[in-house]
$ cat data.txt   # compact mmCIF, C-alpha atoms
# COMPACT_ATOMS: atom_id res chain seq x y z
CA MET Z 1 16.78 -1.92 43.95
CA THR Z 2 19.83 -3.95 42.96
CA LEU Z 3 20.82 -4.65 39.36
CA SER Z 4 19.76 -8.32 39.69
CA GLN Z 5 16.33 -7.22 40.98
CA ARG Z 6 15.88 -4.95 37.96
CA ILE Z 7 16.98 -7.64 35.52
CA LYS Z 8 14.56 -10.26 36.88
CA PRO Z 9 11.31 -8.45 35.92
CA LEU Z 10 12.82 -7.63 32.53
CA ARG Z 11 13.68 -11.31 32.03
CA VAL Z 12 10.14 -12.32 33.01
CA ARG Z 13 8.62 -9.84 30.54
CA LEU Z 14 10.96 -11.06 27.79
CA LEU Z 15 9.96 -14.68 28.44
CA MET Z 16 6.28 -13.71 28.34
CA LEU Z 17 6.83 -11.92 25.04
CA LEU Z 18 8.59 -14.97 23.57
CA ALA Z 19 5.68 -17.16 24.74
CA VAL Z 20 3.14 -14.93 22.97
CA VAL Z 21 5.08 -14.04 19.81
CA GLY Z 22 4.11 -15.86 16.63
CA PRO Z 23 0.74 -15.02 15.02
CA GLY Z 24 1.67 -11.42 14.12
CA ILE Z 25 5.14 -12.17 12.72
CA ILE Z 26 3.97 -15.24 10.79
CA THR Z 27 0.91 -13.56 9.25
CA ALA Z 28 2.79 -10.45 8.10
CA ASN Z 29 5.65 -12.45 6.59
CA VAL Z 30 3.46 -14.90 4.68
CA ASP Z 31 2.19 -11.88 2.76
CA ASN Z 32 5.65 -11.79 1.12
CA ASP Z 33 4.67 -14.84 -0.93
CA ALA Z 34 5.56 -15.70 -4.54
CA GLY Z 35 3.16 -13.04 -5.86
CA GLY Z 36 4.42 -10.40 -3.44
CA ILE Z 37 8.06 -11.13 -4.23
CA THR Z 38 7.27 -10.84 -7.94
CA THR Z 39 5.54 -7.49 -7.36
CA TYR Z 40 8.48 -6.00 -5.41
CA SER Z 41 11.00 -7.43 -7.90
CA VAL Z 42 9.18 -5.84 -10.83
CA ALA Z 43 8.92 -2.53 -8.92
CA GLY Z 44 12.69 -2.45 -8.39
CA ALA Z 45 13.61 -3.69 -11.87
CA HIS Z 46 11.27 -1.37 -13.79
CA TYR Z 47 11.19 1.76 -11.60
CA GLY Z 48 14.39 1.56 -9.57
CA LEU Z 49 14.15 3.07 -6.10
CA GLY Z 50 11.17 5.19 -7.12
CA MET Z 51 8.60 3.22 -5.11
CA LEU Z 52 10.50 2.93 -1.82
CA TRP Z 53 8.71 6.00 -0.42
CA MET Z 54 5.56 3.86 -0.22
CA MET Z 55 7.07 1.37 2.22
CA PRO Z 56 6.63 3.35 5.48
CA LEU Z 57 2.97 3.96 4.54
CA VAL Z 58 2.53 0.29 3.70
CA ALA Z 59 3.96 -0.65 7.12
CA LEU Z 60 1.56 1.74 8.89
CA ALA Z 61 -1.48 0.34 7.05
CA LEU Z 62 -0.43 -3.22 7.84
CA ILE Z 63 0.08 -2.44 11.53
CA ILE Z 64 -3.35 -0.77 11.85
CA VAL Z 65 -5.31 -3.65 10.31
CA GLN Z 66 -3.35 -6.47 11.95
CA GLU Z 67 -3.56 -4.78 15.37
CA MET Z 68 -7.36 -4.65 15.13
CA SER Z 69 -7.42 -8.30 14.10
CA ALA Z 70 -5.23 -9.26 17.07
CA ARG Z 71 -7.38 -7.24 19.49
CA LEU Z 72 -10.56 -8.89 18.22
CA GLY Z 73 -8.95 -12.29 18.79
CA VAL Z 74 -7.65 -11.78 22.32
CA VAL Z 75 -10.78 -9.98 23.58
CA THR Z 76 -13.50 -12.23 22.09
CA GLY Z 77 -11.62 -15.55 21.99
CA LYS Z 78 -13.26 -16.18 18.60
CA GLY Z 79 -12.07 -16.27 15.02
CA LEU Z 80 -13.18 -13.65 12.51
CA ALA Z 81 -15.37 -16.08 10.54
CA ASP Z 82 -17.12 -17.04 13.78
CA LEU Z 83 -17.84 -13.37 14.61
CA ILE Z 84 -19.05 -12.64 11.05
CA ARG Z 85 -21.48 -15.59 11.23
CA GLU Z 86 -22.87 -14.29 14.53
CA ARG Z 87 -23.34 -10.74 13.18
CA LEU Z 88 -24.26 -11.30 9.49
CA GLY Z 89 -26.00 -14.68 9.49
CA VAL Z 90 -25.15 -17.94 7.76
CA LYS Z 91 -26.22 -17.04 4.18
CA LEU Z 92 -24.08 -13.92 3.81
CA THR Z 93 -21.23 -15.66 5.64
CA ALA Z 94 -21.42 -18.58 3.19
CA LEU Z 95 -21.16 -16.15 0.24
CA ILE Z 96 -18.10 -14.41 1.75
CA ILE Z 97 -16.47 -17.74 2.60
CA GLY Z 98 -17.16 -19.11 -0.90
CA ILE Z 99 -15.35 -16.18 -2.52
CA LEU Z 100 -12.48 -16.47 -0.04
CA VAL Z 101 -12.07 -20.22 -0.60
CA PHE Z 102 -11.88 -19.79 -4.39
CA ALA Z 103 -9.41 -16.90 -4.09
CA ASN Z 104 -7.27 -18.86 -1.60
CA LEU Z 105 -7.23 -21.88 -3.91
CA ALA Z 106 -5.99 -19.70 -6.79
CA ASN Z 107 -3.36 -18.21 -4.46
CA THR Z 108 -2.29 -21.68 -3.33
CA VAL Z 109 -1.79 -22.64 -6.98
CA SER Z 110 0.49 -19.61 -7.39
CA GLU Z 111 2.51 -20.66 -4.30
CA PHE Z 112 3.18 -24.10 -5.78
CA ALA Z 113 4.08 -22.31 -9.03
CA GLY Z 114 6.68 -20.46 -6.94
CA VAL Z 115 8.00 -23.78 -5.59
CA ALA Z 116 8.32 -25.11 -9.15
CA ALA Z 117 10.00 -21.94 -10.46
CA SER Z 118 12.52 -21.67 -7.62
CA MET Z 119 13.59 -25.31 -7.82
CA GLU Z 120 13.89 -25.17 -11.61
CA ILE Z 121 16.65 -22.59 -11.02
CA PHE Z 122 18.57 -25.39 -9.27
CA GLY Z 123 17.76 -27.87 -12.03
CA VAL Z 124 14.99 -29.76 -10.19
CA SER Z 125 11.86 -30.66 -12.18
CA LYS Z 126 8.46 -29.48 -10.93
CA TYR Z 127 7.32 -33.12 -11.04
CA ILE Z 128 9.72 -33.77 -8.18
CA SER Z 129 9.70 -30.48 -6.23
CA VAL Z 130 5.95 -29.82 -6.13
CA PRO Z 131 4.83 -33.26 -4.82
CA ILE Z 132 7.61 -33.24 -2.20
CA ALA Z 133 6.62 -29.74 -1.02
CA GLY Z 134 2.95 -30.79 -0.90
CA VAL Z 135 3.71 -33.86 1.22
CA ILE Z 136 5.96 -31.89 3.60
CA VAL Z 137 3.39 -29.17 4.36
CA TRP Z 138 0.61 -31.77 4.69
CA LEU Z 139 2.57 -33.92 7.14
CA LEU Z 140 3.59 -30.86 9.17
CA MET Z 141 0.00 -29.83 9.77
CA VAL Z 142 -1.53 -33.26 10.27
CA LYS Z 143 1.18 -34.81 12.45
CA ALA Z 144 2.57 -31.89 14.48
CA ASN Z 145 0.97 -29.88 17.30
CA TYR Z 146 0.42 -26.11 17.28
CA LYS Z 147 3.65 -25.30 19.15
CA THR Z 148 5.78 -27.28 16.67
CA VAL Z 149 3.98 -25.80 13.66
CA GLU Z 150 4.49 -22.27 14.99
CA ARG Z 151 8.20 -22.85 15.57
CA VAL Z 152 8.61 -24.10 12.00
CA PHE Z 153 6.74 -21.05 10.68
CA LEU Z 154 8.86 -18.67 12.77
CA ALA Z 155 12.02 -20.33 11.43
CA ALA Z 156 10.65 -19.87 7.90
CA SER Z 157 10.05 -16.19 8.69
CA ALA Z 158 13.71 -15.81 9.70
CA ILE Z 159 14.84 -17.21 6.33
CA TYR Z 160 13.41 -14.07 4.70
CA LEU Z 161 16.67 -12.46 5.83
CA ALA Z 162 18.09 -14.01 2.63
CA TYR Z 163 16.50 -11.07 0.80
CA VAL Z 164 18.23 -8.59 3.09
CA ALA Z 165 21.53 -10.31 2.25
CA SER Z 166 20.71 -10.18 -1.47
CA GLY Z 167 20.06 -6.46 -1.20
CA ILE Z 168 23.39 -5.86 0.55
CA LEU Z 169 25.28 -8.01 -1.97
CA ALA Z 170 23.77 -5.92 -4.78
CA ARG Z 171 25.84 -2.98 -3.42
CA PRO Z 172 23.30 -0.16 -3.87
CA ALA Z 173 24.13 3.50 -3.32
CA TRP Z 174 22.86 3.74 0.26
CA GLY Z 175 22.59 7.52 0.15
CA GLU Z 176 20.19 7.26 -2.79
CA VAL Z 177 18.26 4.51 -0.97
CA ALA Z 178 17.83 6.74 2.11
CA ARG Z 179 16.61 9.66 -0.03
CA ALA Z 180 14.16 7.40 -1.90
CA PHE Z 181 12.45 6.41 1.37
CA VAL Z 182 11.61 10.05 2.20
CA THR Z 183 11.06 11.50 -1.29
CA PRO Z 184 7.59 10.80 -2.72
CA SER Z 185 7.42 10.47 -6.49
CA PHE Z 186 4.67 9.45 -8.87
CA GLN Z 187 4.43 8.62 -12.56
CA PHE Z 188 1.16 8.83 -14.47
CA ASP Z 189 1.66 5.86 -16.74
CA ALA Z 190 -0.37 2.64 -16.78
CA GLY Z 191 2.45 0.39 -15.57
CA TYR Z 192 3.37 2.58 -12.62
CA VAL Z 193 -0.24 3.13 -11.48
CA THR Z 194 -1.04 -0.58 -11.74
CA LEU Z 195 2.08 -1.53 -9.76
CA PHE Z 196 1.43 1.23 -7.20
CA VAL Z 197 -2.04 -0.14 -6.47
CA THR Z 198 -0.83 -3.75 -6.56
CA ILE Z 199 1.86 -3.10 -3.92
CA ILE Z 200 -0.74 -1.74 -1.54
CA GLY Z 201 -3.24 -4.44 -2.50
CA THR Z 202 -0.77 -7.24 -1.79
CA THR Z 203 0.00 -5.81 1.66
CA ILE Z 204 -3.41 -6.51 3.17
CA ALA Z 205 -5.20 -9.59 1.90
CA PRO Z 206 -8.53 -10.87 3.31
CA TRP Z 207 -7.08 -14.24 4.34
CA MET Z 208 -4.55 -12.53 6.64
CA GLN Z 209 -7.20 -11.23 9.02
CA PHE Z 210 -8.85 -14.64 9.25
CA TYR Z 211 -5.60 -16.52 9.76
CA GLN Z 212 -4.09 -14.24 12.40
CA GLN Z 213 -7.25 -14.13 14.52
CA SER Z 214 -7.76 -17.91 14.27
CA SER Z 215 -4.11 -18.49 15.14
CA ILE Z 216 -4.46 -16.29 18.24
CA VAL Z 217 -7.53 -18.25 19.33
CA ASP Z 218 -5.85 -21.61 18.57
CA LYS Z 219 -2.84 -20.54 20.64
CA GLY Z 220 -5.12 -19.62 23.55
CA LEU Z 221 -4.03 -15.98 23.94
CA LYS Z 222 -6.11 -13.82 26.29
CA ILE Z 223 -6.59 -10.12 27.05
CA SER Z 224 -3.68 -10.35 29.50
CA ASP Z 225 -1.46 -11.18 26.51
CA TYR Z 226 -2.63 -8.21 24.44
CA ALA Z 227 0.35 -5.89 25.11
CA TYR Z 228 2.79 -8.60 24.01
CA GLU Z 229 0.70 -9.60 20.99
CA ARG Z 230 0.64 -5.96 19.88
CA ILE Z 231 4.46 -5.99 19.91
CA ASP Z 232 4.29 -9.22 17.87
CA VAL Z 233 2.09 -7.47 15.28
CA VAL Z 234 4.24 -4.33 15.04
CA VAL Z 235 7.56 -6.22 14.81
CA GLY Z 236 6.10 -8.65 12.24
CA SER Z 237 4.70 -5.86 10.07
CA ILE Z 238 7.93 -3.83 10.11
CA PHE Z 239 10.07 -6.91 9.41
CA ALA Z 240 7.85 -7.90 6.45
CA VAL Z 241 8.09 -4.41 4.93
CA VAL Z 242 11.87 -4.28 5.49
CA VAL Z 243 12.16 -7.55 3.54
CA ALA Z 244 9.95 -6.15 0.77
CA SER Z 245 12.15 -3.05 0.66
CA PHE Z 246 15.34 -5.09 0.27
CA ILE Z 247 13.78 -7.10 -2.57
CA THR Z 248 13.08 -3.80 -4.33
CA ILE Z 249 16.57 -2.46 -3.53
CA ALA Z 250 18.31 -5.63 -4.81
CA CYS Z 251 16.48 -5.45 -8.15
CA ALA Z 252 16.82 -1.66 -8.44
CA ALA Z 253 20.60 -1.71 -7.90
CA THR Z 254 21.15 -4.42 -10.51
CA LEU Z 255 18.32 -5.05 -12.96
CA HIS Z 256 17.10 -1.45 -13.26
CA THR Z 257 20.64 -0.16 -13.66
CA SER Z 258 21.31 -2.64 -16.47
CA GLY Z 259 17.94 -2.02 -18.14
CA ALA Z 260 16.76 -5.62 -17.67
CA ARG Z 261 13.00 -6.30 -17.85
CA ILE Z 262 11.47 -9.10 -15.82
CA GLU Z 263 8.00 -10.59 -15.38
CA THR Z 264 8.46 -13.02 -12.47
CA ALA Z 265 10.51 -13.55 -9.31
CA LYS Z 266 12.28 -16.43 -11.10
CA ASP Z 267 13.42 -13.98 -13.80
CA ALA Z 268 14.78 -11.71 -11.07
CA ALA Z 269 16.71 -14.51 -9.37
CA LEU Z 270 18.29 -15.64 -12.63
CA ALA Z 271 19.15 -12.10 -13.75
CA LEU Z 272 20.82 -11.23 -10.43
CA GLY Z 273 23.59 -13.81 -11.00
CA PRO Z 274 25.64 -12.00 -13.66
CA LEU Z 275 24.96 -8.59 -12.09
CA ALA Z 276 25.34 -9.12 -8.34
CA GLY Z 277 27.12 -12.46 -8.15
CA LYS Z 278 25.97 -16.06 -7.76
CA TYR Z 279 25.49 -15.71 -4.00
CA ALA Z 280 22.91 -12.94 -4.41
CA SER Z 281 21.15 -14.98 -7.09
CA THR Z 282 21.16 -18.15 -4.96
CA LEU Z 283 19.91 -16.35 -1.86
CA PHE Z 284 17.12 -14.74 -3.88
CA ALA Z 285 16.07 -18.14 -5.28
CA LEU Z 286 16.19 -19.76 -1.82
CA GLY Z 287 14.07 -16.91 -0.48
CA LEU Z 288 11.49 -17.57 -3.22
CA LEU Z 289 11.44 -21.30 -2.38
CA ASN Z 290 11.04 -20.60 1.34
CA ALA Z 291 8.28 -18.05 0.76
CA SER Z 292 6.40 -20.36 -1.60
CA VAL Z 293 6.49 -23.43 0.69
CA PHE Z 294 5.68 -21.25 3.72
CA SER Z 295 2.64 -19.72 2.00
CA ALA Z 296 1.56 -23.07 0.52
CA ALA Z 297 1.15 -24.24 4.12
CA ILE Z 298 -0.50 -21.11 5.54
CA LEU Z 299 -3.10 -20.34 2.85
CA PRO Z 300 -4.81 -23.77 3.03
CA LEU Z 301 -4.58 -23.60 6.83
CA SER Z 302 -6.26 -20.18 6.84
CA THR Z 303 -8.99 -21.56 4.55
CA ALA Z 304 -9.59 -24.57 6.80
CA TYR Z 305 -9.95 -22.29 9.84
CA VAL Z 306 -12.41 -20.03 8.00
CA VAL Z 307 -14.66 -22.81 6.69
CA CYS Z 308 -14.89 -24.60 10.04
CA GLU Z 309 -15.45 -21.44 12.09
CA ALA Z 310 -18.13 -20.22 9.70
CA PHE Z 311 -20.19 -23.36 10.15
CA GLY Z 312 -19.31 -24.23 13.74
CA TRP Z 313 -17.18 -27.31 12.99
CA GLU Z 314 -14.20 -28.44 15.07
CA ALA Z 315 -10.96 -26.77 14.02
CA GLY Z 316 -7.38 -26.42 15.22
CA VAL Z 317 -3.88 -27.71 14.56
CA ASP Z 318 -3.83 -29.36 18.00
CA ARG Z 319 -6.89 -31.46 17.11
CA ARG Z 320 -6.44 -35.01 15.92
CA LEU Z 321 -7.57 -36.05 12.45
CA GLN Z 322 -10.54 -37.94 13.93
CA GLU Z 323 -11.58 -34.93 16.04
CA ALA Z 324 -11.60 -32.39 13.18
CA PRO Z 325 -12.06 -34.34 9.91
CA ILE Z 326 -13.52 -31.39 7.97
CA PHE Z 327 -10.72 -29.06 9.10
CA PHE Z 328 -8.01 -31.44 7.89
CA GLY Z 329 -10.13 -32.42 4.88
CA VAL Z 330 -10.32 -28.82 3.62
CA TYR Z 331 -6.59 -28.38 4.24
CA THR Z 332 -5.76 -31.57 2.34
CA ALA Z 333 -8.07 -30.69 -0.56
CA LEU Z 334 -6.40 -27.32 -1.12
CA ILE Z 335 -2.92 -28.86 -1.00
CA VAL Z 336 -3.87 -31.57 -3.51
CA LEU Z 337 -5.68 -29.18 -5.86
CA GLY Z 338 -3.05 -26.44 -5.61
CA ALA Z 339 -0.15 -28.80 -6.30
CA GLY Z 340 -2.13 -30.81 -8.87
CA VAL Z 341 -2.85 -27.81 -11.10
CA ILE Z 342 0.88 -27.04 -11.36
CA LEU Z 343 1.58 -30.58 -12.55
CA LEU Z 344 -0.86 -30.18 -15.44
CA PRO Z 345 0.54 -29.11 -18.84
CA ILE Z 346 -0.67 -25.51 -18.46
CA GLN Z 347 1.32 -22.83 -20.28
CA SER Z 348 0.27 -19.85 -18.17
CA LEU Z 349 -1.41 -19.34 -14.81
CA VAL Z 350 -1.66 -15.58 -15.22
CA LYS Z 351 -5.46 -15.56 -15.66
CA THR Z 352 -5.96 -17.68 -12.54
CA MET Z 353 -3.71 -15.40 -10.50
CA MET Z 354 -5.44 -12.29 -11.82
CA ALA Z 355 -8.82 -13.81 -10.92
CA SER Z 356 -7.67 -14.44 -7.35
CA GLN Z 357 -6.34 -10.88 -7.13
CA THR Z 358 -9.69 -9.52 -8.36
CA LEU Z 359 -11.65 -11.67 -5.89
CA ASN Z 360 -9.40 -10.53 -3.04
CA GLY Z 361 -10.08 -6.96 -4.16
CA VAL Z 362 -13.85 -7.47 -4.10
CA LEU Z 363 -13.73 -9.10 -0.67
CA LEU Z 364 -11.22 -6.82 1.10
CA PRO Z 365 -13.51 -3.76 1.53
CA VAL Z 366 -16.26 -5.98 2.96
CA ILE Z 367 -13.91 -7.61 5.48
CA LEU Z 368 -12.32 -4.31 6.57
CA VAL Z 369 -15.67 -2.58 7.09
CA VAL Z 370 -17.01 -5.59 9.04
CA MET Z 371 -13.85 -5.58 11.19
CA LEU Z 372 -14.30 -1.89 11.98
CA ARG Z 373 -17.95 -2.47 12.92
CA LEU Z 374 -16.93 -5.33 15.20
CA ILE Z 375 -14.00 -3.51 16.83
CA ASN Z 376 -16.27 -0.54 17.66
CA ASN Z 377 -19.07 -2.67 19.14
CA ARG Z 378 -18.97 -1.96 22.90
CA ARG Z 379 -21.15 -4.96 23.73
CA LEU Z 380 -18.57 -7.17 22.08
CA MET Z 381 -15.35 -5.34 22.92
CA GLY Z 382 -16.11 -3.38 26.10
CA ARG Z 383 -13.35 -0.86 26.81
CA TRP Z 384 -11.21 -2.37 24.04
CA VAL Z 385 -12.97 -0.50 21.23
CA ASN Z 386 -10.96 1.84 19.00
CA GLY Z 387 -10.05 5.23 20.42
CA ARG Z 388 -11.24 8.36 18.57
CA TRP Z 389 -7.96 9.14 16.80
CA PHE Z 390 -7.16 5.52 16.05
CA ASN Z 391 -10.65 5.12 14.61
CA LEU Z 392 -10.26 8.21 12.42
CA LEU Z 393 -6.93 6.94 11.11
CA ALA Z 394 -8.34 3.45 10.57
CA TRP Z 395 -11.39 4.67 8.62
CA MET Z 396 -9.24 6.98 6.47
CA MET Z 397 -6.91 4.09 5.70
CA VAL Z 398 -9.81 1.74 4.91
CA ILE Z 399 -11.45 4.28 2.59
CA LEU Z 400 -8.13 4.79 0.77
CA LEU Z 401 -7.66 1.01 0.47
CA ILE Z 402 -11.19 0.63 -0.89
CA LEU Z 403 -10.55 3.29 -3.56
CA LEU Z 404 -7.24 1.69 -4.54
CA THR Z 405 -8.83 -1.76 -4.56
CA VAL Z 406 -11.58 -0.53 -6.90
CA ILE Z 407 -8.87 0.75 -9.26
CA LEU Z 408 -7.04 -2.60 -9.05
CA VAL Z 409 -10.21 -4.57 -9.82
CA LEU Z 410 -11.06 -2.31 -12.78
CA VAL Z 411 -7.53 -2.61 -14.16
CA SER Z 412 -7.67 -6.40 -13.70
CA LEU Z 413 -11.01 -6.63 -15.55
CA PHE Z 414 -10.18 -4.00 -18.19
CA PRO Z 415 -6.40 -4.09 -18.80
CA GLY Z 416 -6.52 -1.25 -21.36
CA LEU Z 417 -8.33 1.16 -19.02
CA LEU Z 418 -5.27 3.28 -18.22
CA GLY Z 419 -3.93 3.23 -21.75
CA HIS Z 420 -0.50 1.97 -22.79

$ encode --input "data.txt" --output "structure tokens"
Amino acid sequence: MTLSQRIKPLRVRLLMLLAVVGPGIITANVDNDAGGITTYSVAGAHYGLGMLWMMPLVALALIIVQEMSARLGVVTGKGLADLIRERLGVKLTALIIGILVFANLANTVSEFAGVAASMEIFGVSKYISVPIAGVIVWLLMVKANYKTVERVFLAASAIYLAYVASGILARPAWGEVARAFVTPSFQFDAGYVTLFVTIIGTTIAPWMQFYQQSSIVDKGLKISDYAYERIDVVVGSIFAVVVASFITIACAATLHTSGARIETAKDAALALGPLAGKYASTLFALGLLNASVFSAAILPLSTAYVVCEAFGWEAGVDRRLQEAPIFFGVYTALIVLGAGVILLPIQSLVKTMMASQTLNGVLLPVILVVMLRLINNRRLMGRWVNGRWFNLLAWMMVILLILLTVILVLVSLFPGLLGH
């Protein structure tokens, strides 16, 4: 076989991969939203490199759950909400969807809060930035087709490299960074335990499973695309965790070293300026803006998919407004409400964000257990059910996530539980 003959099949496989890639990368990266960036910034600022050892485990957990979601989508050709309705009935589905919609609305509010905070760093009022962001994400979804929307989302995913640049500009001691990744450490104080659980809890959110599976169905991926979609999931998960790691590294090398305390991602961006230079600070702020706008588009979209699938209504980005009025109506409502709350004279959104975190925590175990039941149903999945070892690993991971989620919910409801 000549060199040109070898290259041709490789080129064909690469083109097929590029045609399939999207849902996995987009879903994993949206999880690095305003709340996630804040979590990783606080971890680096308050505990230095001490939490980096978690990142490989976080990546593994994310890959396991997102791979099962992708497999369910390509094999059944149905969204997760659709499958839950078929297996659990309309009443229980409506309860699950109700909790998810409320949690997603609270999360959407926090994304627009991220838009406001990031643009205030550049001197732009929230009364300008938030409405403009809301109109942009609304027009994108209502006027563009799926292929265009996906390309925009993939471009937004690439902008997360700004955090990698911020981490490099912070000039950390790379030898210490490498050791931190492979040296587990744990502190038994309330702040550390809460942050430990929150990092894991922010990695796998209920909306992610619904969005990725619906996106796969909307894109029309089939079983023949599974091998490529699995690559999409793995690459997306690793990239998202690498970005999270560099956020932690940037804040550890600067804010932790100087003893600075922060509460939000905006605090981190502002504090980086004097310590790591204006370019690191600007890149960090731009990353926050990108993540917030990106997530402000995806979370309402995920909610619209879920509501319509659960009740059998028309859904899909490629549909026209007249063809799927409820789908676009739900999307529009979340954009308007999410942006509108930020424009109100509210001093703090902490309680709303904590409520959404608690609701996500209540819902996550239910969704993961249902997913495992579905993925192991031979009538539904045929030969595509989990293998024995994969299943053992998945159940162990789910049980661990459930235990950690219970801790997170208890800490959210009873802040003084772990002491001070």

$ closest_residue --input "data.txt" --among "Z:Ala339, Z:Leu161, Z:Leu299, Z:Val115" --to "Z:Ala244" --atoms "all atoms listed in the file"
Z:Leu161

$ closest_residue --input "data.txt" --among "Z:Val241, Z:Cys251, Z:Leu100, Z:Leu289" --to "Z:Ile63" --atoms "all atoms listed in the file"
Z:Val241

$ atom_distance --input "data.txt" --atom1 "atom CA of Z:Met55" --atom2 "atom CA of Z:Ser245"
6.9 Å

$ residues_around --input "data.txt" --residues "Z:Leu49" --least-positions-apart "2" --cutoff "9 Å" --atoms "all atoms listed in the file" --output "PDB file with C-alpha atoms, in the coordinates of the input"
ATOM      1  CA  ALA Z  43       8.920  -2.530  -8.920  1.00  0.00           C
ATOM      2  CA  GLY Z  44      12.690  -2.450  -8.390  1.00  0.00           C
ATOM      3  CA  ALA Z  45      13.610  -3.690 -11.870  1.00  0.00           C
ATOM      4  CA  TYR Z  47      11.190   1.760 -11.600  1.00  0.00           C
ATOM      5  CA  MET Z  51       8.600   3.220  -5.110  1.00  0.00           C
ATOM      6  CA  LEU Z  52      10.500   2.930  -1.820  1.00  0.00           C
ATOM      7  CA  TRP Z  53       8.710   6.000  -0.420  1.00  0.00           C
ATOM      8  CA  GLU Z 176      20.190   7.260  -2.790  1.00  0.00           C
ATOM      9  CA  VAL Z 177      18.260   4.510  -0.970  1.00  0.00           C
ATOM     10  CA  ALA Z 180      14.160   7.400  -1.900  1.00  0.00           C
ATOM     11  CA  PHE Z 181      12.450   6.410   1.370  1.00  0.00           C
ATOM     12  CA  THR Z 248      13.080  -3.800  -4.330  1.00  0.00           C
ATOM     13  CA  ILE Z 249      16.570  -2.460  -3.530  1.00  0.00           C
ATOM     14  CA  ALA Z 252      16.820  -1.660  -8.440  1.00  0.00           C
ATOM     15  CA  ALA Z 253      20.600  -1.710  -7.900  1.00  0.00           C
ATOM     16  CA  HIS Z 256      17.100  -1.450 -13.260  1.00  0.00           C
TER      17      HIS Z 256
END

$ residues_around --input "data.txt" --residues "Z:Ile136" --least-positions-apart "2" --cutoff "12 Å" --atoms "all atoms listed in the file" --output "list of chain:residue names"
Z:Ser129, Z:Val130, Z:Pro131, Z:Ile132, Z:Ala133, Z:Gly134, Z:Trp138, Z:Leu139, Z:Leu140, Z:Met141, Z:Val142, Z:Lys143, Z:Ala144, Z:Val149, Z:Val152, Z:Val293, Z:Phe294, Z:Ala296, Z:Ala297, Z:Thr332, Z:Ile335

$ write_last_selection --input "data.txt" --atoms "C-alpha atoms" --output "PDB file, in the frame of the given file"
ATOM      1  CA  SER Z 129       9.700 -30.480  -6.230  1.00  0.00           C
ATOM      2  CA  VAL Z 130       5.950 -29.820  -6.130  1.00  0.00           C
ATOM      3  CA  PRO Z 131       4.830 -33.260  -4.820  1.00  0.00           C
ATOM      4  CA  ILE Z 132       7.610 -33.240  -2.200  1.00  0.00           C
ATOM      5  CA  ALA Z 133       6.620 -29.740  -1.020  1.00  0.00           C
ATOM      6  CA  GLY Z 134       2.950 -30.790  -0.900  1.00  0.00           C
ATOM      7  CA  TRP Z 138       0.610 -31.770   4.690  1.00  0.00           C
ATOM      8  CA  LEU Z 139       2.570 -33.920   7.140  1.00  0.00           C
ATOM      9  CA  LEU Z 140       3.590 -30.860   9.170  1.00  0.00           C
ATOM     10  CA  MET Z 141       0.000 -29.830   9.770  1.00  0.00           C
ATOM     11  CA  VAL Z 142      -1.530 -33.260  10.270  1.00  0.00           C
ATOM     12  CA  LYS Z 143       1.180 -34.810  12.450  1.00  0.00           C
ATOM     13  CA  ALA Z 144       2.570 -31.890  14.480  1.00  0.00           C
ATOM     14  CA  VAL Z 149       3.980 -25.800  13.660  1.00  0.00           C
ATOM     15  CA  VAL Z 152       8.610 -24.100  12.000  1.00  0.00           C
ATOM     16  CA  VAL Z 293       6.490 -23.430   0.690  1.00  0.00           C
ATOM     17  CA  PHE Z 294       5.680 -21.250   3.720  1.00  0.00           C
ATOM     18  CA  ALA Z 296       1.560 -23.070   0.520  1.00  0.00           C
ATOM     19  CA  ALA Z 297       1.150 -24.240   4.120  1.00  0.00           C
ATOM     20  CA  THR Z 332      -5.760 -31.570   2.340  1.00  0.00           C
ATOM     21  CA  ILE Z 335      -2.920 -28.860  -1.000  1.00  0.00           C
TER      22      ILE Z 335
END

$ atom_distance --input "data.txt" --atom1 "atom CA of Z:Arg261" --atom2 "atom CA of Z:Leu195"
14.4 Å

$ closest_residue --input "data.txt" --among "Z:Val101, Z:Ala173, Z:Arg373, Z:Ile128" --to "Z:Ala250" --atoms "only C-alpha atoms"
Z:Ala173

$ residues_around --input "data.txt" --residues "Z:Asn376" --least-positions-apart "4" --cutoff "8 Å" --atoms "only C-alpha atoms" --output "list of chain:residue names"
Z:Leu372, Z:Met381, Z:Val385, Z:Asn386

$ residues_around --input "data.txt" --residues "Z:Ile402" --least-positions-apart "6" --cutoff "12 Å" --atoms "only C-alpha atoms" --output "list of chain:residue names"
Z:Val197, Z:Ile200, Z:Gly201, Z:Ile204, Z:Asn360, Z:Gly361, Z:Val362, Z:Leu363, Z:Leu364, Z:Pro365, Z:Val366, Z:Ile367, Z:Leu368, Z:Val369, Z:Trp395, Z:Met396, Z:Leu408, Z:Val409

$ write_last_selection --input "data.txt" --atoms "C-alpha atoms" --output "short mmCIF file (atom, residue, chain, number, x, y, z; two decimals), in the coordinates of the input"
data_model
loop_
_atom_site.label_atom_id
_atom_site.label_comp_id
_atom_site.auth_asym_id
_atom_site.auth_seq_id
_atom_site.Cartn_x
_atom_site.Cartn_y
_atom_site.Cartn_z
CA VAL Z 197 -2.04 -0.14 -6.47
CA ILE Z 200 -0.74 -1.74 -1.54
CA GLY Z 201 -3.24 -4.44 -2.50
CA ILE Z 204 -3.41 -6.51 3.17
CA ASN Z 360 -9.40 -10.53 -3.04
CA GLY Z 361 -10.08 -6.96 -4.16
CA VAL Z 362 -13.85 -7.47 -4.10
CA LEU Z 363 -13.73 -9.10 -0.67
CA LEU Z 364 -11.22 -6.82 1.10
CA PRO Z 365 -13.51 -3.76 1.53
CA VAL Z 366 -16.26 -5.98 2.96
CA ILE Z 367 -13.91 -7.61 5.48
CA LEU Z 368 -12.32 -4.31 6.57
CA VAL Z 369 -15.67 -2.58 7.09
CA TRP Z 395 -11.39 4.67 8.62
CA MET Z 396 -9.24 6.98 6.47
CA LEU Z 408 -7.04 -2.60 -9.05
CA VAL Z 409 -10.21 -4.57 -9.82
#
